[in-house]
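Just below is one structure, and these are the notes that go with it.
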Amino acid sequence: MAKDVRILHGELSPGTAMNLFSAAHPEAGGIVSFVGKVRPDKDVEELELKHYAPLTLAGMEELADATLARWALDGLLLHHRTGPMHPGDPIVLVAAAARHRRDAFQAAEFAMDHLKSDAWFWKREKRAGEWHWVEPRAEDHTDLARWT
Amino acid sequence: MKLVFLGKLADLAGAPDKDVPGPLDWRGLLDRLPGPLGEATKGAKVKLALNGTVLADKTALAANDGDEVALLPPVSGG
């Protein structure tokens, strides 16, 4: 099982997922992981992510394939939450297992940069009781330009 | 056939999806989307997907009964 790509409708438990991923790749010399959390920011009370099943999961699978094709990895994990969440909640977990650490570091960062800018998710924030859709951030696209 | 509205387009539509009779082309789609929803859909950054495949040219839409057309505003990212 080289890739483990999921959209989670409930909680994301990075510790549990990492233990399973590590156990699944005893051959790896190292694992790099990144946990993205709902940033405790300004006056955000709640965050909601929406996805479109036919596109979102297929897009994440394609991203995983592209990442596996670019670096020598033993395994790659992409788990992303959807639905309502609160500041501090884990929202995304990316992990790359590899024989050597540089491949794992770069693969995890590549996958994360693409998830942040390309993935089919729409996000809204509740501030002072009102929902606001989050517009794309220019920085996310700048981050992506590094990989071309 | 079904129209699916994502992100802020769902707010403009007042619902996450809507059943409409097919067949449907780009002009027919715009006729079905009143006011701000139609205007937003015409925007350069809004894409269309037909049965899970994003159209390179949304004005070439050709959907029939049983199809699902998704209206996709720019993503906020993960």
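Following the order of the structure tokens, chains are lettered A, B, ..., residues in each are numbered from 1, and ligands are numbered from 1.
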*Residues of chain B within 12 Å of chain A, only C-alpha atoms counted, as a VMD selection string*: chain B and resid 4 to 11 16 to 17 45 47 to 54 68 to 78
Please produce an output containing N, CA and C atoms for each residue in the selection, written as a short mmCIF file (atom, residue, chain, number, x, y, z; two decimals), in the first residue's frame.
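selection39.cif was written with the following content:
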```cif
data_model
loop_
_atom_site.label_atom_id
_atom_site.label_comp_id
_atom_site.auth_asym_id
_atom_site.auth_seq_id
_atom_site.Cartn_x
_atom_site.Cartn_y
_atom_site.Cartn_z
N VAL B 4 -25.16 21.15 -9.51
CA VAL B 4 -24.58 21.18 -8.16
C VAL B 4 -23.82 22.49 -8.00
N PHE B 5 -24.14 23.22 -6.93
CA PHE B 5 -23.51 24.51 -6.70
C PHE B 5 -22.51 24.41 -5.55
N LEU B 6 -21.27 24.80 -5.81
CA LEU B 6 -20.24 24.73 -4.76
C LEU B 6 -19.91 26.13 -4.22
N GLY B 7 -19.39 26.13 -3.01
CA GLY B 7 -18.91 27.38 -2.41
C GLY B 7 -19.99 28.45 -2.40
N LYS B 8 -19.57 29.68 -2.71
CA LYS B 8 -20.51 30.79 -2.60
C LYS B 8 -21.65 30.70 -3.62
N LEU B 9 -21.46 29.89 -4.67
CA LEU B 9 -22.54 29.74 -5.64
C LEU B 9 -23.75 29.05 -5.02
N ALA B 10 -23.52 28.20 -4.01
CA ALA B 10 -24.63 27.56 -3.32
C ALA B 10 -25.46 28.61 -2.55
N ASP B 11 -24.76 29.61 -2.01
CA ASP B 11 -25.47 30.69 -1.32
C ASP B 11 -26.33 31.48 -2.31
N PRO B 16 -27.92 23.67 -2.37
CA PRO B 16 -26.69 23.04 -2.85
C PRO B 16 -26.85 22.40 -4.23
N ASP B 17 -28.09 22.08 -4.63
CA ASP B 17 -28.28 21.51 -5.95
C ASP B 17 -29.71 21.77 -6.44
N LYS B 45 -13.34 32.87 -13.65
CA LYS B 45 -12.76 31.91 -12.70
C LYS B 45 -13.69 30.76 -12.33
N LYS B 47 -15.57 27.45 -13.07
CA LYS B 47 -15.45 26.32 -13.99
C LYS B 47 -16.69 25.43 -13.90
N LEU B 48 -16.86 24.61 -14.92
CA LEU B 48 -17.94 23.62 -14.91
C LEU B 48 -17.35 22.23 -14.99
N ALA B 49 -17.97 21.31 -14.26
CA ALA B 49 -17.61 19.90 -14.41
C ALA B 49 -18.85 19.15 -14.86
N LEU B 50 -18.67 18.26 -15.83
CA LEU B 50 -19.75 17.41 -16.31
C LEU B 50 -19.43 15.98 -15.86
N ASN B 51 -20.28 15.45 -14.99
CA ASN B 51 -20.08 14.08 -14.46
C ASN B 51 -18.66 13.88 -13.91
N GLY B 52 -18.16 14.90 -13.18
CA GLY B 52 -16.88 14.75 -12.50
C GLY B 52 -15.66 15.09 -13.33
N THR B 53 -15.87 15.55 -14.57
CA THR B 53 -14.74 15.98 -15.40
C THR B 53 -14.85 17.48 -15.68
N VAL B 54 -13.79 18.22 -15.34
CA VAL B 54 -13.81 19.67 -15.54
C VAL B 54 -13.73 19.97 -17.03
N GLU B 68 -24.75 15.14 -14.38
CA GLU B 68 -24.57 16.05 -13.25
C GLU B 68 -23.59 17.15 -13.66
N VAL B 69 -24.04 18.38 -13.56
CA VAL B 69 -23.19 19.52 -13.89
C VAL B 69 -22.87 20.27 -12.60
N ALA B 70 -21.57 20.39 -12.29
CA ALA B 70 -21.17 21.10 -11.07
C ALA B 70 -20.61 22.47 -11.45
N LEU B 71 -21.02 23.49 -10.69
CA LEU B 71 -20.55 24.85 -10.90
C LEU B 71 -19.52 25.15 -9.82
N LEU B 72 -18.29 25.42 -10.26
CA LEU B 72 -17.14 25.44 -9.35
C LEU B 72 -16.50 26.82 -9.29
N PRO B 73 -16.71 27.55 -8.22
CA PRO B 73 -15.97 28.82 -8.06
C PRO B 73 -14.51 28.51 -7.68
N PRO B 74 -13.64 29.53 -7.65
CA PRO B 74 -12.23 29.25 -7.28
C PRO B 74 -12.16 28.58 -5.91
N VAL B 75 -11.27 27.60 -5.80
CA VAL B 75 -11.15 26.88 -4.53
C VAL B 75 -10.44 27.75 -3.49
N SER B 76 -10.77 27.53 -2.23
CA SER B 76 -10.07 28.22 -1.15
C SER B 76 -8.80 27.48 -0.77
N GLY B 77 -8.68 26.25 -1.24
CA GLY B 77 -7.53 25.43 -0.88
C GLY B 77 -7.78 24.66 0.39
N GLY B 78 -6.88 23.72 0.65
CA GLY B 78 -7.08 22.83 1.80
C GLY B 78 -6.53 23.43 3.07
#
```
_Please extract the residues of range 4-108 of chain A with a backbone DSSP assignment of strand (DSSP E or B) and present them as a VMD selection string._
chain A and resid 4 to 8 30 to 37 44 to 51 73 to 81 83 to 85 90 to 98
For those residues, write C-alpha atoms to a file as an mmCIF file, in the first residue's frame.
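Written output follows (part.cif):
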```
data_model
loop_
_atom_site.group_PDB
_atom_site.id
_atom_site.type_symbol
_atom_site.label_atom_id
_atom_site.label_comp_id
_atom_site.auth_asym_id
_atom_site.auth_seq_id
_atom_site.Cartn_x
_atom_site.Cartn_y
_atom_site.Cartn_z
ATOM 1 C CA ASP A 4 -3.232 6.213 1.644
ATOM 2 C CA VAL A 5 -5.537 9.000 0.462
ATOM 3 C CA ARG A 6 -8.685 9.842 2.370
ATOM 4 C CA ILE A 7 -11.303 12.503 2.885
ATOM 5 C CA LEU A 8 -12.488 12.331 6.480
ATOM 6 C CA GLY A 30 12.353 7.928 8.024
ATOM 7 C CA ILE A 31 8.944 9.554 7.953
ATOM 8 C CA VAL A 32 8.202 13.249 7.582
ATOM 9 C CA SER A 33 4.738 14.401 8.587
ATOM 10 C CA PHE A 34 2.877 17.678 8.597
ATOM 11 C CA VAL A 35 -0.298 18.414 10.542
ATOM 12 C CA GLY A 36 -2.258 21.466 9.431
ATOM 13 C CA LYS A 37 -4.620 22.899 12.032
ATOM 14 C CA VAL A 44 -12.956 32.998 13.703
ATOM 15 C CA GLU A 45 -15.475 30.946 15.667
ATOM 16 C CA GLU A 46 -15.922 28.070 13.272
ATOM 17 C CA LEU A 47 -14.636 26.840 9.934
ATOM 18 C CA GLU A 48 -16.450 24.710 7.413
ATOM 19 C CA LEU A 49 -14.921 22.921 4.471
ATOM 20 C CA LYS A 50 -17.005 21.762 1.545
ATOM 21 C CA HIS A 51 -15.832 19.362 -1.092
ATOM 22 C CA LEU A 73 9.103 6.975 -1.401
ATOM 23 C CA ASP A 74 8.006 3.862 0.420
ATOM 24 C CA GLY A 75 4.624 5.360 1.203
ATOM 25 C CA LEU A 76 2.572 8.537 1.121
ATOM 26 C CA LEU A 77 -0.398 9.525 3.258
ATOM 27 C CA LEU A 78 -2.826 12.346 2.491
ATOM 28 C CA HIS A 79 -5.743 12.726 4.905
ATOM 29 C CA HIS A 80 -7.986 15.777 4.696
ATOM 30 C CA ARG A 81 -10.990 16.640 6.797
ATOM 31 C CA GLY A 83 -17.206 19.541 7.262
ATOM 32 C CA PRO A 84 -17.406 21.810 10.309
ATOM 33 C CA MET A 85 -14.389 22.350 12.575
ATOM 34 C CA PRO A 90 -6.315 19.168 12.876
ATOM 35 C CA ILE A 91 -7.579 19.624 9.318
ATOM 36 C CA VAL A 92 -4.929 17.925 7.181
ATOM 37 C CA LEU A 93 -2.222 15.303 7.669
ATOM 38 C CA VAL A 94 0.475 14.640 5.092
ATOM 39 C CA ALA A 95 3.164 12.019 5.663
ATOM 40 C CA ALA A 96 5.925 10.663 3.456
ATOM 41 C CA ALA A 97 7.936 7.553 4.291
ATOM 42 C CA ALA A 98 11.232 7.070 2.499
#
```
*What does the distance from CA of Leu24 in chain B to CA of Asn64 in chain B come to in Å, to one decimal?*
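Going from CA of Leu24 in chain B over to CA of Asn64 in chain B, I get 6.3 Å.
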*Can you tell me, as a list in words, what residues are no more than 7 Å from Ala63 in chain B when counting only C-alpha atoms, ignoring any on the same chain fewer than 5 positions away?*
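Using only C-alpha atoms, the neighbours found are Gly22, Pro23, Leu24 and Asp25 of chain B.
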Could you dump the residues just selected with N, CA and C atoms as a compact mmCIF listing (two decimals), in the first residue's frame?
```
# COMPACT_ATOMS: atom_id res chain seq x y z
N GLY B 22 -33.15 18.09 -19.00
CA GLY B 22 -32.15 18.15 -20.06
C GLY B 22 -32.83 18.16 -21.40
N PRO B 23 -32.13 18.31 -22.51
CA PRO B 23 -30.68 18.59 -22.54
C PRO B 23 -30.39 20.06 -22.19
N LEU B 24 -29.10 20.31 -21.92
CA LEU B 24 -28.73 21.66 -21.48
C LEU B 24 -27.38 22.04 -22.09
N ASP B 25 -27.36 23.20 -22.76
CA ASP B 25 -26.08 23.73 -23.23
C ASP B 25 -25.76 24.99 -22.42
```
*Check the smallest atom-to-atom distance from each of A:Glu139, A:His86, A:Trp147, A:Phe105 to Pro40 in chain A using only C-alpha atoms, then report the winner.*
A:His86
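CA of Leu68 in chain A lies 13.1 Å from CA of Arg99 in chain A.
Take CA of Glu11 in chain A and CA of Arg101 in chain A: the distance between them is 28.7 Å.
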*Using DSSP on the backbone coordinates, identify all residues within range 16-51 of chain B classified as alpha helix (DSSP H); present the result as a list in words.*
Trp26, Arg27, Gly28, Leu29, Leu30, Asp31, Arg32, Gly35, Pro36, Leu37, Gly38, Glu39, Ala40, Thr41 and Lys42 of chain B
*Leaving out Pro34 in chain B and any residue of its chain fewer than 6 positions from it, which residues lie within 12 Å of it when counting only C-alpha atoms, given as a PyMOL selection string?*
chain B and resi 9+12-14+28+40-42
